[in-house]
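Below: final_10.tsv (TSV, C-alpha atoms)
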```
chain	number	residue	atom	x	y	z
A	1	MET	CA	0.00	0.00	0.00
A	2	ARG	CA	1.51	3.29	-1.09
A	3	SER	CA	2.00	6.10	1.42
A	4	GLY	CA	1.53	9.82	1.06
A	5	PRO	CA	4.17	12.52	1.61
A	6	GLY	CA	3.73	12.42	5.41
A	7	GLY	CA	3.99	8.64	5.66
A	8	ILE	CA	0.18	8.17	5.82
A	9	SER	CA	-1.35	5.53	3.58
A	10	ARG	CA	-3.75	6.50	0.83
A	11	ARG	CA	-6.54	4.58	2.52
A	12	ARG	CA	-6.11	6.53	5.75
A	13	GLU	CA	-6.00	9.80	3.85
A	14	LEU	CA	-9.28	8.88	2.15
A	15	ALA	CA	-10.84	7.92	5.48
A	16	VAL	CA	-9.88	11.27	7.04
A	17	LEU	CA	-11.25	13.13	4.02
A	18	VAL	CA	-14.55	11.25	4.20
A	19	LEU	CA	-14.80	11.93	7.95
A	20	CYS	CA	-14.20	15.66	7.46
A	21	CYS	CA	-16.79	15.81	4.67
A	22	ALA	CA	-19.32	13.94	6.80
A	23	ALA	CA	-18.74	16.32	9.72
A	24	ALA	CA	-19.17	19.35	7.43
A	25	VAL	CA	-22.38	18.01	5.89
A	26	THR	CA	-23.76	17.14	9.34
A	27	LEU	CA	-23.12	20.68	10.56
A	28	LEU	CA	-24.84	22.13	7.50
A	29	ILE	CA	-28.05	20.14	7.93
A	30	LEU	CA	-28.35	20.85	11.64
A	31	PRO	CA	-30.60	23.67	12.92
A	32	PRO	CA	-28.71	26.95	13.48
A	33	ASN	CA	-28.71	26.74	17.28
A	34	ALA	CA	-27.61	23.11	17.32
A	35	ARG	CA	-25.02	23.87	14.64
A	36	ILE	CA	-23.40	26.52	16.85
A	37	THR	CA	-23.43	24.25	19.91
A	38	VAL	CA	-21.87	21.31	18.04
A	39	ALA	CA	-19.25	23.52	16.39
A	40	GLU	CA	-18.30	25.01	19.76
A	41	ARG	CA	-17.93	21.57	21.36
A	42	LEU	CA	-15.90	20.25	18.44
A	43	GLY	CA	-13.66	23.30	18.67
A	44	ARG	CA	-13.08	22.66	22.35
A	45	VAL	CA	-12.23	19.01	21.75
A	46	LEU	CA	-9.91	19.71	18.83
A	47	THR	CA	-8.20	22.89	19.98
A	48	ALA	CA	-8.21	22.61	23.79
A	49	PRO	CA	-5.12	20.32	23.92
A	50	TYR	CA	-3.17	22.67	21.65
A	51	TRP	CA	-4.01	25.80	23.62
A	52	GLY	CA	-3.45	24.02	26.92
A	53	ALA	CA	0.04	22.93	25.83
A	54	ARG	CA	0.83	26.36	24.44
A	55	ASN	CA	-0.30	28.15	27.60
A	56	PHE	CA	1.71	25.72	29.72
A	57	LEU	CA	4.86	26.40	27.71
A	58	ASP	CA	4.27	30.15	27.90
A	59	ASP	CA	3.83	29.92	31.67
A	60	MET	CA	7.03	27.87	31.97
A	61	ALA	CA	8.97	30.46	29.96
A	62	THR	CA	7.58	33.28	32.11
A	63	LEU	CA	8.42	31.34	35.28
A	64	ARG	CA	11.98	30.73	34.09
A	65	ARG	CA	12.47	34.43	33.35
A	66	GLU	CA	11.07	35.36	36.75
A	67	ASN	CA	13.29	32.82	38.53
A	68	THR	CA	16.33	34.15	36.68
A	69	ARG	CA	15.47	37.71	37.71
A	70	LEU	CA	14.97	36.72	41.35
A	71	GLU	CA	18.19	34.70	41.38
A	72	HIS	CA	20.01	37.68	39.86
A	73	ASP	CA	18.68	40.07	42.51
A	74	LEU	CA	19.46	37.67	45.36
A	75	PHE	CA	22.99	36.95	44.17
A	76	GLN	CA	23.67	40.64	43.60
A	77	ALA	CA	22.57	41.35	47.18
A	78	GLU	CA	24.74	38.51	48.50
A	79	LEU	CA	27.82	39.86	46.71
A	80	GLU	CA	27.18	43.37	47.99
A	81	ARG	CA	26.75	42.03	51.54
A	82	SER	CA	30.03	40.13	51.13
A	83	ALA	CA	31.73	43.35	49.99
A	84	ALA	CA	30.48	45.13	53.11
A	85	GLU	CA	31.79	42.27	55.26
A	86	LEU	CA	35.19	42.52	53.58
A	87	ALA	CA	35.33	46.24	54.27
A	88	ARG	CA	34.60	45.55	57.94
A	89	LEU	CA	37.30	42.86	58.12
A	90	ASP	CA	39.83	45.21	56.54
A	91	ARG	CA	39.03	47.86	59.14
A	92	ASP	CA	39.30	45.32	61.97
A	93	ARG	CA	42.79	44.37	60.82
A	94	GLN	CA	43.77	48.02	61.41
A	95	ALA	CA	46.17	47.84	58.52
A	96	GLY	CA	44.16	49.69	55.91
A	97	CYS	CA	42.81	48.05	52.79
A	98	ALA	CA	45.55	47.55	50.21
A	99	LEU	CA	43.06	45.99	47.77
A	100	GLU	CA	39.73	46.99	46.34
A	101	GLU	CA	37.01	46.87	48.99
A	102	GLY	CA	35.00	44.14	47.31
A	103	PHE	CA	32.69	43.20	44.49
A	104	GLY	CA	31.80	45.96	42.08
A	105	GLY	CA	30.16	45.25	38.77
A	106	LEU	CA	27.04	44.04	36.97
A	107	LEU	CA	25.68	40.53	36.55
A	108	ALA	CA	24.46	39.42	33.12
A	109	PRO	CA	22.35	36.24	33.46
A	110	CYS	CA	23.06	33.44	30.98
A	111	ARG	CA	22.14	29.79	30.58
A	112	VAL	CA	24.52	26.86	30.10
A	113	THR	CA	23.45	25.36	26.77
A	114	LEU	CA	26.28	22.93	26.02
A	115	ARG	CA	28.84	21.15	28.17
A	116	GLN	CA	32.05	19.63	26.90
A	117	ARG	CA	32.13	15.86	27.22
A	118	GLY	CA	34.82	14.06	29.17
A	119	ARG	CA	35.84	13.13	32.70
A	120	PHE	CA	37.27	16.59	33.34
A	121	ALA	CA	35.18	19.04	31.32
A	122	THR	CA	37.02	22.30	30.70
A	123	MET	CA	34.59	24.29	28.52
A	124	VAL	CA	30.88	25.12	28.49
A	125	ARG	CA	28.82	27.24	26.13
A	126	ILE	CA	26.57	29.91	27.60
A	127	THR	CA	23.71	31.81	25.95
A	128	SER	CA	21.97	35.03	26.95
A	129	ASP	CA	18.46	36.19	26.02
A	130	ARG	CA	19.84	39.63	25.16
A	131	PRO	CA	23.17	40.92	23.77
A	132	VAL	CA	25.99	41.05	26.32
A	133	PRO	CA	29.04	43.37	25.98
A	134	TRP	CA	31.39	40.61	27.04
A	135	ARG	CA	35.06	40.25	26.26
A	136	PRO	CA	37.60	37.50	26.91
A	137	TRP	CA	38.61	36.77	30.53
A	138	LEU	CA	35.49	38.19	32.18
A	139	PRO	CA	34.60	36.00	35.22
A	140	VAL	CA	31.56	33.73	35.14
A	141	VAL	CA	29.88	32.84	38.44
A	142	ASN	CA	26.87	31.11	39.93
A	143	ARG	CA	25.33	31.16	43.40
A	144	ARG	CA	28.07	28.89	44.76
A	145	GLY	CA	30.99	30.93	43.48
A	146	LEU	CA	33.37	31.29	40.56
A	147	VAL	CA	32.80	28.94	37.62
A	148	GLY	CA	35.37	30.11	35.08
A	149	ARG	CA	36.04	32.92	32.61
A	150	VAL	CA	34.86	33.90	29.16
A	151	ARG	CA	37.31	32.50	26.64
A	152	THR	CA	35.80	32.67	23.13
A	153	ILE	CA	33.01	34.99	21.99
A	154	VAL	CA	30.74	33.43	19.35
A	155	SER	CA	28.17	36.22	19.04
A	156	GLY	CA	26.53	38.95	21.07
A	157	THR	CA	24.47	36.34	22.88
A	158	THR	CA	26.74	33.26	22.89
A	159	ALA	CA	30.21	32.56	24.25
A	160	TRP	CA	32.43	29.69	25.39
A	161	VAL	CA	33.56	29.66	29.00
A	162	GLU	CA	36.79	28.10	30.23
A	163	LEU	CA	36.13	26.31	33.52
A	164	MET	CA	38.46	26.37	36.50
A	165	SER	CA	39.39	22.75	35.75
A	166	ALA	CA	41.29	23.81	32.60
A	167	PRO	CA	44.95	22.72	32.80
A	168	ASP	CA	46.38	26.23	32.30
A	169	PHE	CA	43.95	27.96	34.65
A	170	ALA	CA	45.56	30.07	37.39
A	171	LEU	CA	44.01	32.82	39.48
A	172	GLY	CA	45.06	35.25	42.19
A	173	VAL	CA	43.08	34.51	45.37
A	174	GLU	CA	42.82	35.78	48.94
A	175	PHE	CA	42.07	34.05	52.24
A	176	VAL	CA	39.08	35.88	53.73
A	177	ARG	CA	40.06	35.50	57.40
A	178	THR	CA	43.62	36.80	57.16
A	179	GLY	CA	43.85	38.66	53.84
A	180	LEU	CA	46.72	36.39	52.79
A	181	LEU	CA	47.26	36.13	49.02
A	182	GLY	CA	48.04	33.10	46.88
A	183	VAL	CA	47.65	31.58	43.42
A	184	LEU	CA	44.99	28.97	42.69
A	185	GLU	CA	45.78	26.20	40.20
A	186	PRO	CA	43.97	22.94	39.27
A	187	ARG	CA	45.86	19.67	39.67
A	188	GLU	CA	43.99	16.72	38.19
A	189	ASP	CA	40.86	16.38	40.36
A	190	ARG	CA	41.83	18.88	43.08
A	191	TYR	CA	42.65	22.58	43.47
A	192	VAL	CA	45.76	23.91	45.19
A	193	VAL	CA	46.64	27.40	46.40
A	194	GLY	CA	50.35	28.01	45.91
A	195	MET	CA	52.80	30.73	46.92
A	196	VAL	CA	51.71	30.55	50.59
A	197	GLY	CA	54.68	30.76	52.99
A	198	ARG	CA	55.21	27.87	55.40
A	199	ASP	CA	54.85	30.18	58.41
A	200	GLU	CA	51.61	31.80	57.28
A	201	ASP	CA	48.34	31.31	59.20
A	202	VAL	CA	46.12	29.05	57.08
A	203	ARG	CA	43.55	26.70	58.60
A	204	VAL	CA	41.15	24.06	57.37
A	205	GLY	CA	37.76	25.73	56.83
A	206	ASP	CA	39.18	29.09	55.74
A	207	ARG	CA	37.21	30.64	52.89
A	208	VAL	CA	39.01	31.60	49.70
A	209	MET	CA	37.88	34.33	47.29
A	210	THR	CA	39.19	36.22	44.29
A	211	SER	CA	41.78	38.84	45.25
A	212	GLY	CA	41.07	41.26	42.41
A	213	ILE	CA	44.66	42.51	42.15
A	214	THR	CA	45.94	40.39	39.28
A	215	GLU	CA	44.99	37.68	36.87
A	216	VAL	CA	47.35	34.79	36.12
A	217	ARG	CA	46.79	33.14	32.77
A	218	GLU	CA	48.63	30.64	30.63
A	219	GLY	CA	51.48	30.38	33.09
A	220	ALA	CA	52.26	34.09	33.30
A	221	VAL	CA	50.95	37.18	35.04
A	222	ARG	CA	49.33	39.59	32.60
A	223	PRO	CA	49.41	43.17	33.92
A	224	ASP	CA	46.90	44.30	31.31
A	225	ALA	CA	44.31	41.99	32.86
A	226	ALA	CA	44.51	43.45	36.37
A	227	GLY	CA	41.13	43.79	37.98
A	228	ALA	CA	39.30	41.57	35.47
A	229	SER	CA	37.93	39.50	38.37
A	230	PRO	CA	36.55	41.76	41.10
A	231	ARG	CA	37.62	41.07	44.64
A	232	GLY	CA	35.22	39.07	46.79
A	233	ILE	CA	33.86	36.32	44.50
A	234	PRO	CA	33.80	33.00	46.44
A	235	VAL	CA	36.22	30.39	45.14
A	236	GLY	CA	36.34	27.56	47.68
A	237	VAL	CA	37.09	26.39	51.22
A	238	VAL	CA	40.41	25.04	52.55
A	239	THR	CA	40.21	21.28	53.17
A	240	ARG	CA	43.87	20.37	53.71
A	241	VAL	CA	47.01	22.15	54.92
A	242	ASP	CA	50.45	20.50	54.98
A	243	VAL	CA	53.94	21.86	55.67
A	244	PRO	CA	56.48	19.75	53.72
A	245	ASN	CA	59.89	19.66	55.41
A	246	ASP	CA	61.79	20.36	52.20
A	247	GLN	CA	59.52	23.10	50.82
A	248	VAL	CA	59.43	26.87	51.28
A	249	PHE	CA	55.67	27.04	50.76
A	250	LYS	CA	52.73	25.29	52.38
A	251	TYR	CA	50.59	22.78	50.54
A	252	VAL	CA	47.03	24.17	50.67
A	253	GLU	CA	44.18	22.27	49.06
A	254	ILE	CA	40.65	23.63	48.68
A	255	ALA	CA	37.32	21.95	48.03
A	256	PRO	CA	36.33	21.88	44.35
A	257	PRO	CA	34.75	25.22	43.50
A	258	ALA	CA	31.36	25.73	41.91
A	259	GLY	CA	30.52	23.47	39.00
A	260	CYS	CA	27.75	23.99	36.48
A	261	ARG	CA	25.09	21.88	34.82
A	262	ARG	CA	23.28	22.18	31.54
A	263	ASN	CA	20.37	24.67	31.64
A	264	GLU	CA	21.74	26.14	34.86
A	265	THR	CA	21.70	29.92	35.23
A	266	VAL	CA	25.14	31.52	35.50
A	267	PHE	CA	26.18	35.18	35.51
A	268	VAL	CA	28.88	37.02	33.60
A	269	VAL	CA	30.46	39.70	35.80
A	270	LEU	CA	30.63	42.92	33.77
A	271	PRO	CA	32.37	46.17	34.72
A	272	ALA	CA	30.18	48.67	36.55
A	273	ASP	CA	30.26	51.04	33.56
A	274	ALA	CA	29.28	48.40	30.98
A	275	GLU	CA	26.58	49.29	28.47
A	276	ILE	CA	23.68	46.85	28.19
A	277	ASP	CA	20.89	47.12	25.59
A	278	GLY	CA	22.17	50.44	24.32
A	279	GLY	CA	22.33	52.05	27.78
A	280	ARG	CA	24.87	52.27	30.53
A	281	GLY	CA	24.54	49.36	32.93
A	282	ARG	CA	23.41	49.87	36.46
A	283	ARG	CA	22.44	47.74	39.39
A	284	PRO	CA	18.77	46.82	39.58
```
Step by step, read the file and then write its structure as structure tokens.
Amino acid sequence: MRSGPGGISRRRELAVLVLCCAAAVTLLILPPNARITVAERLGRVLTAPYWGARNFLDDMATLRRENTRLEHDLFQAELERSAAELARLDRDRQAGCALEEGFGGLLAPCRVTLRQRGRFATMVRITSDRPVPWRPWLPVVNRRGLVGRVRTIVSGTTAWVELMSAPDFALGVEFVRTGLLGVLEPREDRYVVGMVGRDEDVRVGDRVMTSGITEVREGAVRPDAAGASPRGIPVGVVTRVDVPNDQVFKYVEIAPPAGCRRNETVFVVLPADAEIDGGRGRRP
């Protein structure tokens, strides 16, 4: 039996045609009032599933946008509270703040749309609903902390992000409790903070954040990238501290920082003077 263009047999096509013709003729011979009632009920039966599904999808899209906005506002408030806490800690140390006081910038919400396959994924693709004035090396964060940095820009709404698990990733960090500085680097399935003197005060449970004074990339410090990651973005928590007898520096290991999943909302940290949608960015 031959099939039509859509894979439907000729016999089934003929049956559908006959059914439609019979329904049309039946409606025509009915009294006007009955004709309207039957047509209305048929319309409900035939179109109700479509409109129900469409309304559900519209509601889901609206809910996702609202959740993204609320998550943005909450995370922005958390970062600003963290900045105020850092300012208080700097004052309590009575040494004056040698670094920037804390987070300063704008958050552009994006969604993770593609994740690199492999045991140790090093890249994800993010997409924004509106154009973002991003550039390489801008930090990407989620509610748990730093995720990575923008590496390759595909378009105004799409970019590839290098995760912190990338082999050449290195970042200037600061211990929140003491203000001590170090350099974070990935080593296989763990993260180590180097350049910490063996006599420095570092304890298990200490929080680690971005220092904001320099960026270390591809094995070298790049002065032109200073300040690309604002101070105060959470990075991890110290889980192990050792003092090797033959080493000048301590071995400091931190818990794996924030990961990301597909369809998760992440935020690109933009400078405070960035222009979004044709206007100068500002905090909500």
Checklist line | For Leu86 of chain A: contacts at 9 Å, all atoms listed in the file, fewer than 3 positions along chain excluded, given as a PyMOL selection string | finding: chain A and resi 81-83+89-91+101-102+176+232
Provide an axis-aligned box for all listed atoms of segment 246-252 of chain A, padding each side by 5 Å; report its centre and its edge lengths in Å to one decimal, as AutoDock Vina command-line options.
```
--center_x 54.4 --center_y 23.7 --center_z 51.5 --size_x 24.8 --size_y 16.7 --size_z 11.8
```
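Picture a line from atom CA of Glu253 of chain A to atom CA of Ala166 of chain A; it runs 16.8 Å.
When atom CA of Ser211 of chain A is paired with atom CA of Pro139 of chain A, their separation reads 12.7 Å.
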Next item on the list: Extract, using all atoms listed in the file, all DNA, RNA and protein residues at most 12 Å from Ser155 of chain A, discarding same-chain residues fewer than 6 positions from it, and format them as number ranges by chain.
Entry: A: 125-135
Would you kindly identify which residues have an atom no farther than 10 Å from (44.8, 39.7, 51.9), using only C-alpha atoms and the file's own coordinates, and write them out as a short mmCIF file (atom, residue, chain, number, x, y, z; two decimals) with C-alpha atoms, in the coordinates of the input?
```cif
data_model
loop_
_atom_site.label_atom_id
_atom_site.label_comp_id
_atom_site.auth_asym_id
_atom_site.auth_seq_id
_atom_site.Cartn_x
_atom_site.Cartn_y
_atom_site.Cartn_z
CA ASP A 90 39.83 45.21 56.54
CA CYS A 97 42.81 48.05 52.79
CA ALA A 98 45.55 47.55 50.21
CA LEU A 99 43.06 45.99 47.77
CA VAL A 173 43.08 34.51 45.37
CA GLU A 174 42.82 35.78 48.94
CA PHE A 175 42.07 34.05 52.24
CA VAL A 176 39.08 35.88 53.73
CA ARG A 177 40.06 35.50 57.40
CA THR A 178 43.62 36.80 57.16
CA GLY A 179 43.85 38.66 53.84
CA LEU A 180 46.72 36.39 52.79
CA LEU A 181 47.26 36.13 49.02
CA GLY A 182 48.04 33.10 46.88
CA MET A 209 37.88 34.33 47.29
CA SER A 211 41.78 38.84 45.25
#
```
Check: From the set A:His72, A:Tyr50, A:Asp273, A:Gly194, which residue has the shortest atom-to-atom contact distance to Ala108 of chain A, counting all atoms listed in the file?
Finding: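 So, comparing all the options, the nearest one is A:His72.
In this structure, atom CA of Ala87 of chain A sits 24.1 Å away from atom CA of Val147 of chain A.
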Next item on the list: For Leu107 of chain A, please output as a ChimeraX atom specification all residues within 12 Å (counting all atoms listed in the file; exclusion window: fewer than 2 positions along the same chain).
Entry: /A:68-69,71-77,79-80,103-105,109-110,128,132-134,138-143,230,265-276,281-284
Selected residues written out, C-alpha atoms, as a short mmCIF file (atom, residue, chain, number, x, y, z; two decimals), in the coordinates of the input:
```cif
data_model
loop_
_atom_site.label_atom_id
_atom_site.label_comp_id
_atom_site.auth_asym_id
_atom_site.auth_seq_id
_atom_site.Cartn_x
_atom_site.Cartn_y
_atom_site.Cartn_z
CA THR A 68 16.33 34.15 36.68
CA ARG A 69 15.47 37.71 37.71
CA GLU A 71 18.19 34.70 41.38
CA HIS A 72 20.01 37.68 39.86
CA ASP A 73 18.68 40.07 42.51
CA LEU A 74 19.46 37.67 45.36
CA PHE A 75 22.99 36.95 44.17
CA GLN A 76 23.67 40.64 43.60
CA ALA A 77 22.57 41.35 47.18
CA LEU A 79 27.82 39.86 46.71
CA GLU A 80 27.18 43.37 47.99
CA PHE A 103 32.69 43.20 44.49
CA GLY A 104 31.80 45.96 42.08
CA GLY A 105 30.16 45.25 38.77
CA PRO A 109 22.35 36.24 33.46
CA CYS A 110 23.06 33.44 30.98
CA SER A 128 21.97 35.03 26.95
CA VAL A 132 25.99 41.05 26.32
CA PRO A 133 29.04 43.37 25.98
CA TRP A 134 31.39 40.61 27.04
CA LEU A 138 35.49 38.19 32.18
CA PRO A 139 34.60 36.00 35.22
CA VAL A 140 31.56 33.73 35.14
CA VAL A 141 29.88 32.84 38.44
CA ASN A 142 26.87 31.11 39.93
CA ARG A 143 25.33 31.16 43.40
CA PRO A 230 36.55 41.76 41.10
CA THR A 265 21.70 29.92 35.23
CA VAL A 266 25.14 31.52 35.50
CA PHE A 267 26.18 35.18 35.51
CA VAL A 268 28.88 37.02 33.60
CA VAL A 269 30.46 39.70 35.80
CA LEU A 270 30.63 42.92 33.77
CA PRO A 271 32.37 46.17 34.72
CA ALA A 272 30.18 48.67 36.55
CA ASP A 273 30.26 51.04 33.56
CA ALA A 274 29.28 48.40 30.98
CA GLU A 275 26.58 49.29 28.47
CA ILE A 276 23.68 46.85 28.19
CA GLY A 281 24.54 49.36 32.93
CA ARG A 282 23.41 49.87 36.46
CA ARG A 283 22.44 47.74 39.39
CA PRO A 284 18.77 46.82 39.58
#
```
Check: Between A:Arg261, A:Arg151, A:Arg144, A:Arg115, which one has atoms that come closest to Glu78 of chain A, using all atoms listed in the file?
Finding: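 The shortest atom-to-atom distance to Glu78 of chain A comes from A:Arg144.
With all atoms listed in the file as the atoms that count, the residue of A:Val204, A:Met164, A:Val196, A:Ala84 with the shortest distance to Val235 of chain A is A:Met164.
For the choices A:Phe169, A:Phe56, A:Tyr191, A:Trp51, the atom-to-atom distance to Val238 of chain A is smallest for A:Tyr191 when using only C-alpha atoms.
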Next item on the list: Please identify all polymer residues within 9 Å of Arg262 of chain A, counting only C-alpha atoms, omitting same-chain residues fewer than 6 positions from it, and present them as JSON, numbers by chain.
Entry: {"A": [111, 112, 113, 114, 115, 124]}
